[in-house]
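Shown next, in structure tokens, is the structure this report addresses.
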Amino acid sequence: MKQPETKPSDMQHLSVAIQRYRPEQDDTPVWQSYQVPYDDSTSVLDALHWIKEHQDSSLTYRWSCRMAICGSCGVMVDGTPKLGCKTFLRDYPQGLKVAALANFPIEKDLVVDMSRFLQHLTTIKPYLIGEPSLVQAGSASAGSDQPSSAALQPQLQSPEQVKRYQQFANCINCGLCYSACPQFGLNPEFLGPAAIALAHRYNLDSRDQGKAERQPALNSKDGVWSCTFVGFCSTVCPKGVDPAAAINQGKIVSTMDGVIQWFSPKQLDATPQEPTS
Amino acid sequence: MKQLTTDVLIVGGGGAGLRSAIAAAEAQPSLSIHLLSKVYPMRSHTVAAEGGAAAVTLQHDSIAAHFEDTVAGSDWLAEQGVVDFFVKHAYQELVQLEHWGCPWSRQASGQVQVRRFGGMKTERTWFAADKTGFHILHTLFQTSLKYPSIHRLDEYFLLDLLVHEQAIVGVLAIEIASGELLQILASSVILATGGAGRVFQFNTNGGIVTGDGMALAYRHGVALRDMEFVQYHPTGLPGSGILITEACRGEGGILLNKDGYRYLQDYGLGPETPLGQPQNKTMELGPRDKLSQAFWHEQQQGRTIQHPQGDVVHLDLRHLGQRYLLERLPFICELAKAYVNIDPVTAPIPIRPAVHYTMGGILTDAHCATSIRGLFAVGECASVGLHGANRLGSNSLSELLVFGKVAGEQAAAHCSQTKVSDAVMQELTDKAAGPIRQLRQGDGTEQWADIRQQLAQTMEQGCGIYRDEQGLTASLLAIADLKRRYQQLKVGDSGLAFNTELLHALELGFSLDVAEAMCQAALLRKESRGAHQRRDANYTKRNDKNFLQHSLAYYQEDQAPRIDWQAVDCSMMPPAARLYGDAAKQQAASTSEKPV
Ligand SMILES: Cc1cc2nc3c(=O)[nH]c(=O)nc-3n(C[C@H](O)[C@H](O)[C@H](O)COP(=O)(O)OP(=O)(O)OC[C@H]3O[C@@H](n4cnc5c(N)ncnc54)[C@H](O)[C@@H]3O)c2cc1C
Ligand code: SF4
Ligand code: FES
């Protein structure tokens, strides 16, 4: 954790209320308040560390990278899903309330059960499907004394082709969008924003031939059609993935599938481009 | 206690663990493979790697050149046979990842792009914007879902190895959610538990990088090799230590002291290169150890800049322009904005060195096997011999892949379960559960947070960029004292479910052992080499006569480790001076370029 140069006693303090739930002693979650020293750089995660190290060592939360890339530290801050490590106390001069991510079962304090989320990710087959085309990428082959002649070579993919799916490949699996999604709240079987965005990522990849294999799950009642297009998922996403756009485009593909299966399979490639955002 | 039997158990869900799991599954689809990790695999710290992964790619590059850069970068402490194998296989592994969907950055022609990296003669670093580790990790994780024989044990914490007559028979773990113990019987076990950067105060590592696997193998008698070599990365953010990737300098970023002067030219890395024309192995593209040391000297001479969170220098990217920065270094722009409130388009980023990488680790042979039969180690927790005294940036992501594959295949091939009686199993498990039992019952007065804080401080003070006998001795004494206090730990949280305080206490126990091995090896290496720099009068130079050797630290209960020495494989390229900047060019001109 950060070690501010100034002593905590000289620093300003802020009231941080935390929703606690200890399964072995609490029947329902309870709120507890702490006064936390902070400066301009103190994140919500730093505040949790400070409480754990100085006030209550049993406070429980997930974290690792503290740089907004591992996706561990999602929490509700004043009712909005946020990454604890990328949310700063300086932006809450009146104090703040921290609770476990909504729509997931709470395991303990700020830790929720993510197994359903993982299950949904797995359902949509998030990997390249189909034999790689063994294109010899010309001069990209390695330098003079590279061993093995019949070795694999990279497939070609233009920067524009990368751009088509790149945004959807930036998901850090933090689950914030599931907390923001009223549909997932009502129906945990709903594949949900991140899983659909990930399916879309592979469907849009020029190297993939698995769209047909992913379609049944996407097209099922718990797939894209569950979404009522609230769009809050994209608002809360800390990585600009825009899962709502993926879902919307998925709906168009699914509709076209129904129509297109009578025509040549080639037209399936008419996947809409993602809107520039 | 729950029980489970498997063929191959992999501990660690980072790049190394996932790559070995896939390799084992592909080698023998009929085997049962379990991947155990204390966090979900995609949270592993591989996710934070920004810059890229190295492999010889361009026509004008060569395997020999990558070999030379790596061996020279290691200050001749790398195992040359291992380096040779590595440089020959790295390219295929990166292509394999491409076939698994990794979104590598591309040239307009559709071919993979490569970028410059510190200490490398030629552009050979593959990258996926500035989130290479993130994309590699997610590609591997998602690909691993294809294999029905890979079963995951997410959020299980490894407590100990079960070793009988020098052979692995399984492990003891704890299910974090319930606090319940799990005994796993396995024919082979791969440790892929990552580094130990968190034993230092300022570091670029995630909270989980606490040296667990290293400490466990070590306690069972496996040597930790070259532990004194800890890499400082020259560009971490002040306060948090969050990494600002070397790719910033590869793309042309420059380092300035408080006078706006490019001070690296004063440290054997010059001459100054024109703005916007970075040159391999020169100035800002010198190796990490030299750059971090230059910072230290500037700081001593009062030429660093004062920042609310300590002394810094400036990393200036402004001349690259907004468009280029957003295309090539979007994550850096995001991090600088969030954590130091700087927009690199308009202002320089304050940076300082931070501990980054543990070159040393669990001693293995070239096939990732340890001295315990059936126990393998790979990735940052291991010392297969690739990095020697200093790792070159972008070699380790490729290492995870190249040797992850080796480890997976070796573990799959080694599938002869050592038979042990139930009574022996019971006894081993009972012993393995000792530390957690003790912590759960412990009724002392010590807090893990205090001890950990003091450990990090003493490591920074005594075992930092520059070391001397006095400082190292003081740190060893401090660590011995902290270990005594550790015995008096009180875990305040008495719950079973998701008890992170208990896990932190266990991690601290691991960190203390690893830190001690680092200091002891550093004390006995009475020379300066790569990342290990001594200030004592007679030790400021490399001393090949006495120290062209690996250190091996062997665990001893209740005292600092015994240090042994092991010969280095220098069979292909004899030791020479390690030079950068113009000095290297002069040397190259006067000797033959390709000794391999
Ligand atoms: C910020 C940063 C940037 C980097 N950038 C680059 C780069 O650009 N290029 C490059 O080549 N290298 C880079 N590196 C280095 C490289 O990323 C790491 O060396 C590498 O990712 C380590 O991978 P690993 O698989 O060995 O370990 P990790 O990815 O750290 O994974 C360790 C795994 O072990 C598990 N584990 C540990 N202890 C236990 C336990 N007790 N019980 C159960 N599970 C456990 C963890 O849960 C985790 O899954 C960077 C490192 C950092 C910190
Ligand atoms: S889509 Fe965005 S909010 Fe949802 S899990 Fe991915 S990164 Fe998080
Ligand atoms: S701690 Fe990794 S995303 Fe916040």
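Labels used: A, B, ... for chains in the order of the structure tokens, numbers from 1 for residues in each chain, and numbers from 1 for ligands as shown.
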
Select, as a compact mmCIF listing (two decimals) with N, CA, C and O atoms, in the first residue's frame, those residues of chain B with any atom no more than 7 Å from chain A (distances computed using only C-alpha atoms).
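Resulting contents of selection_27.txt:
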```
# COMPACT_ATOMS: atom_id res chain seq x y z
N MET B 42 -7.06 -15.09 -14.04
CA MET B 42 -6.85 -13.80 -14.74
C MET B 42 -6.50 -12.65 -13.80
O MET B 42 -6.27 -11.54 -14.24
N ARG B 43 -6.46 -12.92 -12.50
CA ARG B 43 -5.99 -11.89 -11.55
C ARG B 43 -4.48 -12.01 -11.31
O ARG B 43 -3.91 -11.18 -10.61
N HIS B 45 -0.43 -11.96 -11.50
CA HIS B 45 0.25 -10.71 -11.80
C HIS B 45 0.81 -10.63 -13.22
O HIS B 45 1.22 -9.55 -13.66
N VAL B 47 -0.89 -10.38 -15.49
CA VAL B 47 -1.84 -9.43 -16.07
C VAL B 47 -1.28 -8.01 -16.16
O VAL B 47 -1.69 -7.22 -16.99
N ALA B 48 -0.30 -7.70 -15.29
CA ALA B 48 0.19 -6.33 -15.20
C ALA B 48 1.32 -6.03 -16.18
O ALA B 48 1.71 -4.88 -16.34
N VAL B 56 13.21 -13.51 -31.72
CA VAL B 56 13.83 -13.09 -32.96
C VAL B 56 12.81 -13.18 -34.09
O VAL B 56 12.21 -14.24 -34.31
N THR B 57 12.57 -12.07 -34.77
CA THR B 57 11.46 -12.00 -35.70
C THR B 57 11.85 -11.43 -37.06
O THR B 57 11.46 -11.94 -38.10
N LEU B 58 12.64 -10.36 -37.06
CA LEU B 58 12.93 -9.67 -38.31
C LEU B 58 14.06 -10.37 -39.07
O LEU B 58 14.92 -11.02 -38.48
N GLN B 59 14.06 -10.17 -40.40
CA GLN B 59 15.09 -10.74 -41.26
C GLN B 59 16.50 -10.41 -40.78
O GLN B 59 17.37 -11.27 -40.74
N HIS B 60 16.71 -9.15 -40.41
CA HIS B 60 18.07 -8.74 -40.08
C HIS B 60 18.47 -9.08 -38.65
O HIS B 60 19.56 -8.76 -38.20
N ASP B 61 17.59 -9.74 -37.92
CA ASP B 61 17.92 -10.16 -36.56
C ASP B 61 18.41 -11.61 -36.62
O ASP B 61 18.28 -12.28 -37.64
N SER B 62 18.99 -12.08 -35.52
CA SER B 62 19.43 -13.48 -35.52
C SER B 62 19.35 -14.07 -34.13
O SER B 62 19.41 -13.35 -33.13
N ILE B 63 19.21 -15.38 -34.10
CA ILE B 63 19.21 -16.13 -32.85
C ILE B 63 20.48 -15.82 -32.05
O ILE B 63 20.45 -15.64 -30.84
N LYS B 88 15.90 -20.10 -29.26
CA LYS B 88 15.47 -20.87 -30.43
C LYS B 88 13.99 -21.22 -30.40
O LYS B 88 13.41 -21.56 -31.43
N GLN B 92 8.40 -19.56 -31.89
CA GLN B 92 7.29 -20.50 -32.08
C GLN B 92 6.21 -20.33 -31.01
O GLN B 92 5.02 -20.49 -31.28
N VAL B 95 4.12 -17.29 -31.84
CA VAL B 95 3.22 -17.62 -32.94
C VAL B 95 2.07 -18.50 -32.42
O VAL B 95 0.91 -18.31 -32.79
N GLU B 98 -0.41 -16.43 -31.04
CA GLU B 98 -1.15 -15.76 -32.13
C GLU B 98 -2.27 -16.69 -32.61
O GLU B 98 -3.41 -16.26 -32.80
N HIS B 99 -1.95 -17.95 -32.74
CA HIS B 99 -2.96 -18.91 -33.20
C HIS B 99 -4.05 -19.12 -32.17
O HIS B 99 -5.13 -19.60 -32.49
N TRP B 100 -3.75 -18.83 -30.94
CA TRP B 100 -4.78 -18.92 -29.89
C TRP B 100 -5.55 -17.62 -29.74
O TRP B 100 -6.39 -17.49 -28.86
N GLY B 101 -5.21 -16.62 -30.57
CA GLY B 101 -6.05 -15.43 -30.58
C GLY B 101 -5.49 -14.19 -29.94
O GLY B 101 -6.17 -13.17 -29.85
N PRO B 103 -4.24 -10.74 -29.35
CA PRO B 103 -4.35 -9.57 -30.24
C PRO B 103 -3.05 -8.78 -30.36
O PRO B 103 -2.98 -7.62 -29.96
N ARG B 106 -0.18 -4.94 -34.92
CA ARG B 106 0.20 -5.30 -36.29
C ARG B 106 0.72 -4.11 -37.09
O ARG B 106 0.35 -2.97 -36.83
N GLN B 107 1.49 -4.45 -38.11
CA GLN B 107 1.86 -3.46 -39.11
C GLN B 107 0.73 -3.33 -40.12
O GLN B 107 -0.14 -4.20 -40.19
N ALA B 108 0.80 -2.30 -40.93
CA ALA B 108 -0.25 -2.10 -41.93
C ALA B 108 -0.40 -3.32 -42.83
O ALA B 108 -1.49 -3.67 -43.28
N SER B 109 0.70 -4.04 -43.05
CA SER B 109 0.66 -5.20 -43.92
C SER B 109 -0.04 -6.39 -43.27
O SER B 109 -0.27 -7.41 -43.91
N GLY B 110 -0.35 -6.29 -41.98
CA GLY B 110 -0.98 -7.41 -41.29
C GLY B 110 0.01 -8.27 -40.53
O GLY B 110 -0.38 -9.19 -39.80
N GLN B 111 1.29 -7.99 -40.73
CA GLN B 111 2.28 -8.75 -39.98
C GLN B 111 2.45 -8.21 -38.58
O GLN B 111 2.10 -7.06 -38.30
N GLN B 142 -8.49 -18.14 -21.46
CA GLN B 142 -9.65 -18.48 -22.27
C GLN B 142 -9.39 -19.75 -23.08
O GLN B 142 -10.26 -20.61 -23.20
N THR B 143 -8.18 -19.87 -23.61
CA THR B 143 -7.85 -21.09 -24.36
C THR B 143 -7.90 -22.31 -23.46
O THR B 143 -8.34 -23.39 -23.88
N LEU B 145 -9.89 -23.04 -21.31
CA LEU B 145 -11.27 -23.50 -21.11
C LEU B 145 -11.68 -24.54 -22.15
O LEU B 145 -12.68 -25.23 -21.99
N ASN B 205 4.88 -4.84 -8.06
CA ASN B 205 4.17 -6.11 -8.03
C ASN B 205 2.79 -6.02 -7.37
O ASN B 205 2.54 -5.12 -6.56
N GLY B 206 1.94 -6.98 -7.69
CA GLY B 206 0.64 -7.06 -7.04
C GLY B 206 0.78 -7.61 -5.62
O GLY B 206 1.81 -8.20 -5.27
N GLY B 207 -0.28 -7.43 -4.85
CA GLY B 207 -0.25 -7.86 -3.45
C GLY B 207 -0.02 -9.34 -3.26
O GLY B 207 0.42 -9.79 -2.20
N ILE B 208 -0.30 -10.14 -4.28
CA ILE B 208 -0.18 -11.60 -4.13
C ILE B 208 1.24 -12.10 -4.38
O ILE B 208 1.50 -13.29 -4.21
N GLY B 239 5.32 6.62 -4.60
CA GLY B 239 4.23 6.21 -3.73
C GLY B 239 3.81 4.79 -4.00
O GLY B 239 4.24 3.85 -3.35
N SER B 240 3.02 4.59 -5.03
CA SER B 240 2.45 3.26 -5.28
C SER B 240 3.44 2.28 -5.89
O SER B 240 3.30 1.07 -5.72
N ILE B 242 3.57 1.74 -9.02
CA ILE B 242 2.94 1.25 -10.26
C ILE B 242 3.88 1.46 -11.44
O ILE B 242 4.51 2.51 -11.58
N PRO B 308 5.76 15.07 -3.57
CA PRO B 308 5.14 14.78 -2.26
C PRO B 308 5.42 13.35 -1.79
O PRO B 308 5.46 13.08 -0.59
N GLN B 309 5.64 12.42 -2.73
CA GLN B 309 5.90 11.05 -2.30
C GLN B 309 7.36 10.61 -2.50
O GLN B 309 7.62 9.45 -2.79
N ALA B 338 -4.69 8.66 -13.62
CA ALA B 338 -5.38 8.22 -12.40
C ALA B 338 -4.48 8.35 -11.18
O ALA B 338 -4.91 8.83 -10.14
N TYR B 339 -3.21 7.93 -11.28
CA TYR B 339 -2.42 7.76 -10.06
C TYR B 339 -1.47 8.90 -9.72
O TYR B 339 -1.03 9.01 -8.59
N ALA B 449 0.63 -6.95 10.00
CA ALA B 449 0.85 -5.71 9.23
C ALA B 449 2.13 -5.01 9.69
O ALA B 449 2.88 -4.48 8.87
N GLY B 492 -6.32 -11.72 14.33
CA GLY B 492 -7.52 -11.20 14.98
C GLY B 492 -8.81 -11.83 14.46
O GLY B 492 -9.77 -12.01 15.20
N ASP B 493 -8.83 -12.14 13.18
CA ASP B 493 -10.03 -12.71 12.58
C ASP B 493 -10.07 -14.20 12.88
O ASP B 493 -9.21 -14.96 12.43
N GLY B 495 -12.61 -16.18 12.09
CA GLY B 495 -13.54 -16.88 11.20
C GLY B 495 -12.83 -17.87 10.29
O GLY B 495 -11.62 -17.78 10.07
N PHE B 498 -13.18 -17.21 4.13
CA PHE B 498 -12.46 -16.09 3.51
C PHE B 498 -11.65 -15.28 4.51
O PHE B 498 -11.79 -14.07 4.61
N THR B 500 -8.77 -13.55 5.06
CA THR B 500 -7.59 -13.02 4.37
C THR B 500 -6.49 -12.62 5.35
O THR B 500 -5.32 -12.59 4.97
N GLU B 501 -6.86 -12.35 6.57
CA GLU B 501 -5.82 -12.02 7.54
C GLU B 501 -4.92 -13.24 7.78
O GLU B 501 -3.69 -13.13 7.83
```

Could you list, as a VMD selection string, all protein and nucleic acid residues with an atom at most 6 Å from ligand 1, counting only C-alpha atoms and all ligand atoms?
chain B and resid 11 to 17 36 to 39 41 44 to 46 48 to 53 156 to 158 192 to 194 204 to 205 212 to 213 243 356 379 to 381 393 to 397

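The residue that comes closest to A:Lys82, out of A:Gly95, A:Pro193, A:Pro182, A:Gly175 and on the basis of only C-alpha atoms, is A:Gly175.
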
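Picture a line from atom CA of A:Asp78 to atom CA of A:Leu186; it runs 21.3 Å.
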
Restricting the calculation to only C-alpha atoms and all ligand atoms, which member of A:Met256, A:Val36, A:Ile18, A:Leu176 is positioned closest to ligand 3?
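The answer is A:Leu176, which sits nearest to ligand 3.
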
By how many Å are atom CA of B:Thr282 and atom CA of B:Met572 apart?
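One can read the atom CA of B:Thr282 to atom CA of B:Met572 distance as 25.3 Å.
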
DSSP on the backbone, then: every residue of stretch 86-304 of chain B marked strand (DSSP E), written as a PyMOL selection string.
chain B and resi 114-115+125-126+150-154+156-164+167-175+181-191+224-225+230-236+254-256

Selection from above, N, CA and C atoms, as a tab-separated table (two decimals), in the first residue's frame, can you write it?
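The resulting file, selection_31.tsv, is shown below:
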```
chain	number	residue	atom	x	y	z
B	114	VAL	N	7.03	-5.38	-34.09
B	114	VAL	CA	7.95	-5.54	-32.97
B	114	VAL	C	8.46	-4.17	-32.55
B	115	ARG	N	8.79	-4.05	-31.26
B	115	ARG	CA	9.30	-2.76	-30.77
B	115	ARG	C	10.66	-2.94	-30.12
B	125	THR	N	10.61	-7.24	-29.79
B	125	THR	CA	9.63	-7.41	-28.74
B	125	THR	C	8.21	-7.30	-29.30
B	126	TRP	N	7.48	-8.42	-29.24
B	126	TRP	CA	6.09	-8.44	-29.67
B	126	TRP	C	5.26	-7.77	-28.58
B	150	ILE	N	-8.55	-30.08	-17.99
B	150	ILE	CA	-8.01	-29.09	-17.04
B	150	ILE	C	-9.11	-28.68	-16.07
B	151	HIS	N	-8.93	-29.04	-14.81
B	151	HIS	CA	-9.91	-28.68	-13.78
B	151	HIS	C	-9.31	-27.58	-12.93
B	152	ARG	N	-10.10	-26.58	-12.64
B	152	ARG	CA	-9.54	-25.46	-11.87
B	152	ARG	C	-9.94	-25.51	-10.40
B	153	LEU	N	-9.00	-25.14	-9.57
B	153	LEU	CA	-9.28	-24.94	-8.15
B	153	LEU	C	-9.00	-23.46	-7.89
B	154	ASP	N	-9.99	-22.63	-8.20
B	154	ASP	CA	-9.83	-21.19	-8.06
B	154	ASP	C	-9.97	-20.79	-6.60
B	156	TYR	N	-7.91	-21.32	-4.10
B	156	TYR	CA	-7.35	-22.27	-3.13
B	156	TYR	C	-5.92	-21.82	-2.86
B	157	PHE	N	-5.51	-21.92	-1.62
B	157	PHE	CA	-4.19	-21.42	-1.21
B	157	PHE	C	-3.31	-22.61	-0.85
B	158	LEU	N	-2.13	-22.67	-1.46
B	158	LEU	CA	-1.20	-23.76	-1.18
B	158	LEU	C	-0.57	-23.57	0.20
B	159	LEU	N	-0.73	-24.55	1.07
B	159	LEU	CA	-0.14	-24.46	2.41
B	159	LEU	C	1.23	-25.11	2.47
B	160	ASP	N	1.35	-26.29	1.83
B	160	ASP	CA	2.64	-26.98	1.89
B	160	ASP	C	2.68	-28.09	0.84
B	161	LEU	N	3.90	-28.53	0.57
B	161	LEU	CA	4.12	-29.67	-0.31
B	161	LEU	C	4.18	-30.92	0.55
B	162	LEU	N	3.70	-32.03	0.03
B	162	LEU	CA	3.84	-33.30	0.73
B	162	LEU	C	4.95	-34.08	0.04
B	163	VAL	N	6.05	-34.24	0.74
B	163	VAL	CA	7.24	-34.85	0.15
B	163	VAL	C	7.63	-36.07	0.97
B	164	HIS	N	7.82	-37.19	0.28
B	164	HIS	CA	8.21	-38.42	0.97
B	164	HIS	C	9.42	-39.03	0.27
B	167	ALA	N	10.52	-37.51	-2.97
B	167	ALA	CA	9.59	-37.51	-4.09
B	167	ALA	C	8.33	-36.76	-3.67
B	168	ILE	N	7.72	-36.06	-4.62
B	168	ILE	CA	6.49	-35.35	-4.29
B	168	ILE	C	5.35	-36.36	-4.27
B	169	VAL	N	4.47	-36.25	-3.30
B	169	VAL	CA	3.29	-37.12	-3.30
B	169	VAL	C	2.00	-36.32	-3.33
B	170	GLY	N	2.10	-35.05	-3.14
B	170	GLY	CA	0.89	-34.22	-3.20
B	170	GLY	C	1.11	-32.90	-2.50
B	171	VAL	N	0.00	-32.21	-2.21
B	171	VAL	CA	0.10	-30.93	-1.49
B	171	VAL	C	-1.06	-30.83	-0.51
B	172	LEU	N	-0.91	-29.90	0.40
B	172	LEU	CA	-2.02	-29.54	1.27
B	172	LEU	C	-2.40	-28.10	0.93
B	173	ALA	N	-3.71	-27.88	0.73
B	173	ALA	CA	-4.18	-26.54	0.37
B	173	ALA	C	-5.39	-26.20	1.24
B	174	ILE	N	-5.80	-24.94	1.17
B	174	ILE	CA	-6.99	-24.53	1.90
B	174	ILE	C	-7.95	-23.87	0.91
B	175	GLU	N	-9.21	-24.26	0.99
B	175	GLU	CA	-10.23	-23.61	0.16
B	175	GLU	C	-10.54	-22.28	0.83
B	181	LEU	N	-9.60	-27.52	4.76
B	181	LEU	CA	-8.35	-28.03	4.18
B	181	LEU	C	-8.65	-29.04	3.08
B	182	LEU	N	-7.75	-29.09	2.11
B	182	LEU	CA	-7.88	-30.04	1.00
B	182	LEU	C	-6.55	-30.73	0.81
B	183	GLN	N	-6.59	-32.06	0.91
B	183	GLN	CA	-5.37	-32.84	0.67
B	183	GLN	C	-5.42	-33.33	-0.76
B	184	ILE	N	-4.37	-33.02	-1.52
B	184	ILE	CA	-4.34	-33.44	-2.93
B	184	ILE	C	-3.21	-34.44	-3.13
B	185	LEU	N	-3.54	-35.59	-3.69
B	185	LEU	CA	-2.51	-36.55	-4.07
B	185	LEU	C	-2.20	-36.35	-5.55
B	186	ALA	N	-0.94	-36.19	-5.88
B	186	ALA	CA	-0.60	-35.93	-7.27
B	186	ALA	C	0.70	-36.62	-7.62
B	187	SER	N	0.79	-37.11	-8.86
B	187	SER	CA	2.03	-37.74	-9.30
B	187	SER	C	3.08	-36.70	-9.58
B	188	SER	N	2.68	-35.60	-10.21
B	188	SER	CA	3.65	-34.53	-10.38
B	188	SER	C	3.02	-33.20	-10.01
B	189	VAL	N	3.85	-32.31	-9.55
B	189	VAL	CA	3.40	-30.98	-9.13
B	189	VAL	C	4.31	-29.95	-9.79
B	190	ILE	N	3.69	-28.94	-10.39
B	190	ILE	CA	4.46	-27.83	-10.96
B	190	ILE	C	4.21	-26.58	-10.12
B	191	LEU	N	5.27	-25.99	-9.63
B	191	LEU	CA	5.13	-24.71	-8.94
B	191	LEU	C	5.28	-23.59	-9.96
B	224	LEU	N	17.46	-22.35	-3.36
B	224	LEU	CA	17.07	-21.14	-4.08
B	224	LEU	C	18.34	-20.58	-4.69
B	225	ARG	N	18.31	-20.39	-6.02
B	225	ARG	CA	19.53	-19.98	-6.71
B	225	ARG	C	19.51	-18.48	-7.04
B	230	VAL	N	17.95	-8.98	-7.55
B	230	VAL	CA	16.60	-8.44	-7.55
B	230	VAL	C	16.59	-7.24	-8.48
B	231	GLN	N	15.74	-7.26	-9.45
B	231	GLN	CA	15.78	-6.18	-10.44
B	231	GLN	C	14.93	-4.98	-10.01
B	232	TYR	N	15.56	-3.84	-10.01
B	232	TYR	CA	14.82	-2.59	-9.87
B	232	TYR	C	14.43	-2.13	-11.27
B	233	HIS	N	13.20	-1.72	-11.41
B	233	HIS	CA	12.78	-1.11	-12.67
B	233	HIS	C	12.97	0.39	-12.51
B	234	PRO	N	13.62	1.04	-13.48
B	234	PRO	CA	13.91	2.46	-13.27
B	234	PRO	C	12.67	3.36	-13.24
B	235	THR	N	11.55	2.89	-13.78
B	235	THR	CA	10.41	3.80	-13.90
B	235	THR	C	9.14	3.29	-13.24
B	236	GLY	N	9.07	3.46	-11.91
B	236	GLY	CA	7.82	3.21	-11.18
B	236	GLY	C	7.24	4.54	-10.74
B	254	ILE	N	12.28	10.14	-22.82
B	254	ILE	CA	13.60	10.48	-22.27
B	254	ILE	C	13.52	10.74	-20.77
B	255	LEU	N	14.66	10.56	-20.10
B	255	LEU	CA	14.74	10.77	-18.66
B	255	LEU	C	15.50	12.05	-18.35
B	256	LEU	N	14.92	12.87	-17.49
B	256	LEU	CA	15.50	14.17	-17.16
B	256	LEU	C	15.64	14.34	-15.66
```

Could you jot down the atom CA of B:Ile362 to atom CA of B:Leu216 separation for me, Å, one decimal place?
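Spanning atom CA of B:Ile362 to atom CA of B:Leu216 is a straight-line distance of 9.6 Å.
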
Residues of stretch 194-245 of chain A in helix (DSSP H, G or I), written as a PyMOL selection string
chain A and resi 194-203+211-219+224-226+232-236+243-245

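Within the 12 Å cut-off around B:Ile342, using only C-alpha atoms and omitting residues fewer than 4 positions from it on the same chain, the listed residues are Leu237, His314, Leu315, Asp316, Leu317, Arg318, Ile332, Cys333, Glu334, Leu335, Ala336, Lys337, Ala338, Thr346, Ala347, Pro348, Ile349, Pro350 and Ile351 of chain B.
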
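Nearest to ligand 3 of all the residues A:Leu83, A:Ala199, A:Met11, A:Ala47 is A:Leu83, counting only C-alpha atoms and all ligand atoms.
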
Among listed residues A:Ile106, A:Cys237, A:Ala197, A:Ala99, nearest ligand 3 (using only C-alpha atoms and all ligand atoms):
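When distances to ligand 3 are compared using only C-alpha atoms and all ligand atoms, the smallest one comes from A:Cys237.
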
Nearest residue to ligand 3 from the set A:Pro238, A:Trp31, A:Gly192, A:Gln94 (distances using only C-alpha atoms and all ligand atoms)
A:Pro238

Report as a JSON list (two decimals) with all heavy atoms, in the first residue's frame all protein, DNA and RNA residues lying within 8 Å of A:Gly84, evaluated on only C-alpha atoms, omitting residues in the same chain fewer than 3 positions from it.
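Saved the output as result_21.json:
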```json
[["chain", "number", "residue", "atom", "x", "y", "z"],
["A", 43, "SER", "N", -6.74, 5.93, -2.68],
["A", 43, "SER", "CA", -7.85, 5.27, -3.36],
["A", 43, "SER", "C", -8.74, 4.58, -2.32],
["A", 43, "SER", "O", -8.36, 4.43, -1.16],
["A", 43, "SER", "CB", -7.32, 4.24, -4.35],
["A", 43, "SER", "OG", -6.69, 3.19, -3.64],
["A", 44, "VAL", "N", -9.90, 4.15, -2.77],
["A", 44, "VAL", "CA", -10.78, 3.38, -1.88],
["A", 44, "VAL", "C", -10.05, 2.13, -1.41],
["A", 44, "VAL", "O", -10.14, 1.74, -0.24],
["A", 44, "VAL", "CB", -12.10, 3.02, -2.61],
["A", 44, "VAL", "CG1", -12.91, 2.01, -1.80],
["A", 44, "VAL", "CG2", -12.93, 4.28, -2.86],
["A", 45, "LEU", "N", -9.29, 1.51, -2.30],
["A", 45, "LEU", "CA", -8.52, 0.33, -1.90],
["A", 45, "LEU", "C", -7.50, 0.68, -0.81],
["A", 45, "LEU", "O", -7.35, -0.06, 0.17],
["A", 45, "LEU", "CB", -7.82, -0.29, -3.11],
["A", 45, "LEU", "CG", -6.96, -1.51, -2.81],
["A", 45, "LEU", "CD1", -7.79, -2.68, -2.28],
["A", 45, "LEU", "CD2", -6.18, -1.95, -4.06],
["A", 73, "CYS", "N", -11.08, -5.93, -7.63],
["A", 73, "CYS", "CA", -11.48, -5.09, -6.50],
["A", 73, "CYS", "C", -12.80, -4.36, -6.67],
["A", 73, "CYS", "O", -13.01, -3.31, -6.08],
["A", 73, "CYS", "CB", -10.36, -4.09, -6.20],
["A", 73, "CYS", "SG", -10.14, -2.91, -7.55],
["A", 74, "GLY", "N", -13.71, -4.91, -7.46],
["A", 74, "GLY", "CA", -15.00, -4.25, -7.68],
["A", 74, "GLY", "C", -15.81, -4.14, -6.39],
["A", 74, "GLY", "O", -15.92, -5.09, -5.63],
["A", 75, "VAL", "N", -16.35, -2.94, -6.13],
["A", 75, "VAL", "CA", -17.23, -2.71, -4.98],
["A", 75, "VAL", "C", -18.27, -1.65, -5.38],
["A", 75, "VAL", "O", -18.09, -0.96, -6.38],
["A", 75, "VAL", "CB", -16.46, -2.18, -3.74],
["A", 75, "VAL", "CG1", -15.65, -3.28, -3.09],
["A", 75, "VAL", "CG2", -15.56, -0.98, -4.10],
["A", 87, "THR", "N", -10.74, 4.43, -7.71],
["A", 87, "THR", "CA", -11.71, 5.40, -7.21],
["A", 87, "THR", "C", -11.03, 6.11, -6.05],
["A", 87, "THR", "O", -10.44, 5.45, -5.19],
["A", 87, "THR", "CB", -12.98, 4.67, -6.75],
["A", 87, "THR", "OG1", -13.44, 3.85, -7.82],
["A", 87, "THR", "CG2", -14.06, 5.64, -6.33]]
```
